Amino acid sequence: MKYLLLTLCTALLTAANTNAQEQKKIHFMMVSIHSGVAAYHPALIVTKEDGTQEITKVDKKSWLWTGVTFDGRSGKMEANEDSLFTTLKPYFEAGWQLASSTIIKNNASDDYIARYYFIKKDD
């Protein structure tokens with residue numbers, strides 16, 4: 001009986017250890033785009049899981065500078081879809097997967113914040 005119990009405990013510990021080794025850590029990152037007429041400093045902000053941020057100010061010639069970037073009323077949102085994809089493409093190519101996205105519009109000042117939440121599992 002002791003041998004059976006010892007064998008069972010060893011098997012359970014081995015299975016638990018194998019399962020723990022198979023689990024992969026999930027990393028996350030948020031990419032925010034601040035844009036619009038009232039966005040005095042439009043930017044692309046990348047927030048990493050450790051809280052550090054990379055802020056890229058947007059040039060006035062960029063597609064992000066205008067208020068029509070995420071404005072569905074203007075009919076110009078579709079024209080910016082290719083630019084948006086080009087902006088996010090490096091994250092997809094680096095193995096990040098889009099988990100969620102949201103767009104917030106401030107009606108009083110006509111600016112937008114689009115947030116894209118990415119995840120990546122360890123290899």
# chains A, B, ... in the order shown; residues from 1 in each chain; ligands from 1
call {"tool": "residues_around", "arguments": {"residues": "Phe118 in chain A", "least_positions_apart": "2", "cutoff": "7 Å", "atoms": "only C-alpha atoms", "output": "mmCIF file with N, CA and C atoms, in the first residue's frame"}}
result
data_model
loop_
_atom_site.group_PDB
_atom_site.id
_atom_site.type_symbol
_atom_site.label_atom_id
_atom_site.label_comp_id
_atom_site.auth_asym_id
_atom_site.auth_seq_id
_atom_site.Cartn_x
_atom_site.Cartn_y
_atom_site.Cartn_z
ATOM 1 N N PHE A 28 1.699 41.496 -22.219
ATOM 2 C CA PHE A 28 0.691 42.385 -22.774
ATOM 3 C C PHE A 28 1.286 43.759 -23.040
ATOM 4 N N MET A 29 0.607 44.478 -23.932
ATOM 5 C CA MET A 29 1.067 45.799 -24.335
ATOM 6 C C MET A 29 -0.156 46.574 -24.827
ATOM 7 N N MET A 30 -0.155 47.882 -24.622
ATOM 8 C CA MET A 30 -1.248 48.716 -25.107
ATOM 9 C C MET A 30 -0.672 49.788 -26.027
ATOM 10 N N TRP A 96 2.830 39.804 -31.852
ATOM 11 C CA TRP A 96 1.760 40.252 -30.962
ATOM 12 C C TRP A 96 0.414 39.951 -31.600
ATOM 13 N N GLN A 97 -0.557 39.598 -30.770
ATOM 14 C CA GLN A 97 -1.919 39.324 -31.237
ATOM 15 C C GLN A 97 -2.849 40.379 -30.651
ATOM 16 N N LEU A 98 -3.731 40.918 -31.485
ATOM 17 C CA LEU A 98 -4.688 41.909 -31.013
ATOM 18 C C LEU A 98 -5.738 41.209 -30.160
ATOM 19 N N ALA A 99 -5.863 41.641 -28.909
ATOM 20 C CA ALA A 99 -6.832 41.035 -27.991
ATOM 21 C C ALA A 99 -8.107 41.857 -27.916
ATOM 22 N N TYR A 116 -5.365 49.909 -28.469
ATOM 23 C CA TYR A 116 -5.259 48.552 -28.997
ATOM 24 C C TYR A 116 -4.487 47.729 -27.977
ATOM 25 N N LYS A 120 1.054 38.500 -26.138
ATOM 26 C CA LYS A 120 2.016 37.588 -26.783
ATOM 27 C C LYS A 120 2.396 36.534 -25.752
#
call {"tool": "atom_distance", "arguments": {"atom1": "CA of Ile55 in chain A", "atom2": "CA of Tyr91 in chain A"}}
result
15.4 Å
